[in-house]
Amino acid sequence: ELRHEDMPFELQSVDAVLQTVSAMLREDARRCHERSLAAMRELRSDSPGDHAQERLRLHKDEVKAMEARVQGFVRAVNDVLDEDEDLALMNLGKLITDPGRFLLPVSQEVLHEESDEPELILEAYLQQALGIANGLDLLRGQIRTTEEQITMALDAIRNRILYVNTLLSVASLCVATGSFVGSVFGMNLRNHIEDEPTAFLRVTCGTVAGCVFMGSAMTYAF
C-alpha cells in the first residue's frame, strides 16, 4: 500500500488535489441525497398536489447535474490513466534529476516503472468517484419510482373526480327528465286526464320510478 509520507512532493500534491476534489464531490452528493430523500418522504406522506411533480423534477435535475460533475471527473481521470507517458511525467523530481531517463521515445519498461505510483493514486480516487456515481444513479431511480407513485395517486384522484362528476351529470339528467314530464302535464291544455282522481299520484309515481330506473341504469353502465 502506498503511504502518503513515502511519496515524492509532486505526487503528494496530486494526491492532495484529488483528495480535495473527491471530498467536495462526496459532500455535494451527500447534500443532494439528503435533500432528495427528505423531499420524497414528505411527498409520500402528504397528499400529492400539483406542486409534487414539479418538486420532483427539480430534484431530478439536481441529481443529473451532480452526476454530470462526477462523470466529468471520472472521464478526466480515465483519460490520464490511459496515457502511460502522462503518468510517468508526473514524477517531476525524477524528470529534473534524471532527464535522460525520459527522452523520447521512452521505453515501455521505464513507462511501466515510473507510472506505477501515479496510477495507484488515480485509481484510488477513481473508485471513490465511481462509488459516488453509483449512489447518484440509485438516487435517480428512487426519484423515478416516487414520481411514478405520485402520478398513479394523481390519476386515482382524477378518476374519482370524474366519477363524481359523472354521477352529478346523471342526477341532473334525471331531474331534468322529471321536470320535463311535470312541465308537459302542467300545460293549460285539456287532455281529460285531470278528471281522473288518481292521475296525479300515478303520474308522480311513474315519473319518480322512471327517473330512478334511468339513473340506476346509467350509473351501472358507467
# chains A, B, ... in the order shown; residues from 1 in each chain; ligands from 1
$ residues_around --residues "segment 200-217 of chain A" --least-positions-apart "2" --cutoff "7 Å" --atoms "only C-alpha atoms" --output "PyMOL selection string"
chain A and resi 170-171+174+178+198+219-221
$ atom_distance --atom1 "atom CA of Leu104 of chain A" --atom2 "atom CA of Met7 of chain A"
25.2 Å
$ closest_residue --among "A:Glu67, A:Ala29, A:Glu42, A:Val21" --to "Arg55 of chain A" --atoms "only C-alpha atoms"
A:Glu42
$ residues_around --residues "segment 108-111 of chain A" --least-positions-apart "2" --cutoff "10 Å" --atoms "only C-alpha atoms" --output "PyMOL selection string"
chain A and resi 83-89+101-102+105-106+113-116
$ write_last_selection --atoms "C-alpha atoms" --output "PDB file, in the first residue's frame"
ATOM      1  CA  GLU A  83      -1.694   7.621 -21.170  1.00  0.00           C
ATOM      2  CA  ASP A  84       1.359   5.977 -19.613  1.00  0.00           C
ATOM      3  CA  GLU A  85       3.553   8.874 -20.684  1.00  0.00           C
ATOM      4  CA  ASP A  86       1.401  11.376 -18.793  1.00  0.00           C
ATOM      5  CA  LEU A  87       1.547   9.176 -15.705  1.00  0.00           C
ATOM      6  CA  ALA A  88       5.304   8.819 -15.936  1.00  0.00           C
ATOM      7  CA  LEU A  89       5.837  12.575 -16.393  1.00  0.00           C
ATOM      8  CA  ARG A 101      15.592   8.631 -18.498  1.00  0.00           C
ATOM      9  CA  PHE A 102      12.574  10.327 -20.083  1.00  0.00           C
ATOM     10  CA  PRO A 105      10.876   7.550 -27.246  1.00  0.00           C
ATOM     11  CA  VAL A 106      10.610   6.322 -23.650  1.00  0.00           C
ATOM     12  CA  GLU A 113       8.099   1.585 -13.707  1.00  0.00           C
ATOM     13  CA  GLU A 114       7.517   5.343 -13.456  1.00  0.00           C
ATOM     14  CA  SER A 115       3.741   5.212 -13.870  1.00  0.00           C
ATOM     15  CA  ASP A 116       3.067   2.766 -11.044  1.00  0.00           C
TER      16      ASP A 116
END
$ residues_around --residues "Leu92 of chain A" --least-positions-apart "2" --cutoff "9 Å" --atoms "only C-alpha atoms" --output "ChimeraX atom specification"
/A:8-11,88-90,94-97
$ closest_residue --among "A:Val74, A:Ala68, A:Met40, A:Leu25" --to "Gln127 of chain A" --atoms "only C-alpha atoms"
A:Val74
$ residues_around --residues "Leu167 of chain A" --least-positions-apart "4" --cutoff "10 Å" --atoms "only C-alpha atoms" --output "ChimeraX atom specification"
/A:161-163,171-173,215,218-219,222
$ residues_around --residues "segment 58-62 of chain A" --least-positions-apart "2" --cutoff "8 Å" --atoms "only C-alpha atoms" --output "VMD selection string"
chain A and resid 32 36 54 to 56 64 to 66 140 143
$ write_last_selection --atoms "C-alpha atoms" --output "PDB file, in the first residue's frame"
ATOM      1  CA  CYS A  32     -28.119  16.306  -2.742  1.00  0.00           C
ATOM      2  CA  SER A  36     -33.914  14.438  -2.296  1.00  0.00           C
ATOM      3  CA  GLU A  54     -42.605  19.975 -10.133  1.00  0.00           C
ATOM      4  CA  ARG A  55     -40.591  19.492  -6.945  1.00  0.00           C
ATOM      5  CA  LEU A  56     -39.526  16.019  -8.034  1.00  0.00           C
ATOM      6  CA  LYS A  64     -28.492  14.857 -13.100  1.00  0.00           C
ATOM      7  CA  ALA A  65     -26.271  17.914 -12.711  1.00  0.00           C
ATOM      8  CA  MET A  66     -24.402  16.231  -9.857  1.00  0.00           C
ATOM      9  CA  ARG A 140     -32.243   8.889  -9.511  1.00  0.00           C
ATOM     10  CA  ILE A 143     -36.852   9.608  -7.559  1.00  0.00           C
TER      11      ILE A 143
END
$ select_by_dssp --residues "segment 6-194 of chain A" --states "alpha helix (DSSP H)" --output "number ranges by chain"
A: 9-45, 50-81, 84-88, 92-97, 108-114, 116-185
$ closest_residue --among "A:Asp79, A:Glu148, A:Glu34, A:Glu117" --to "Gln12 of chain A" --atoms "only C-alpha atoms"
A:Glu117
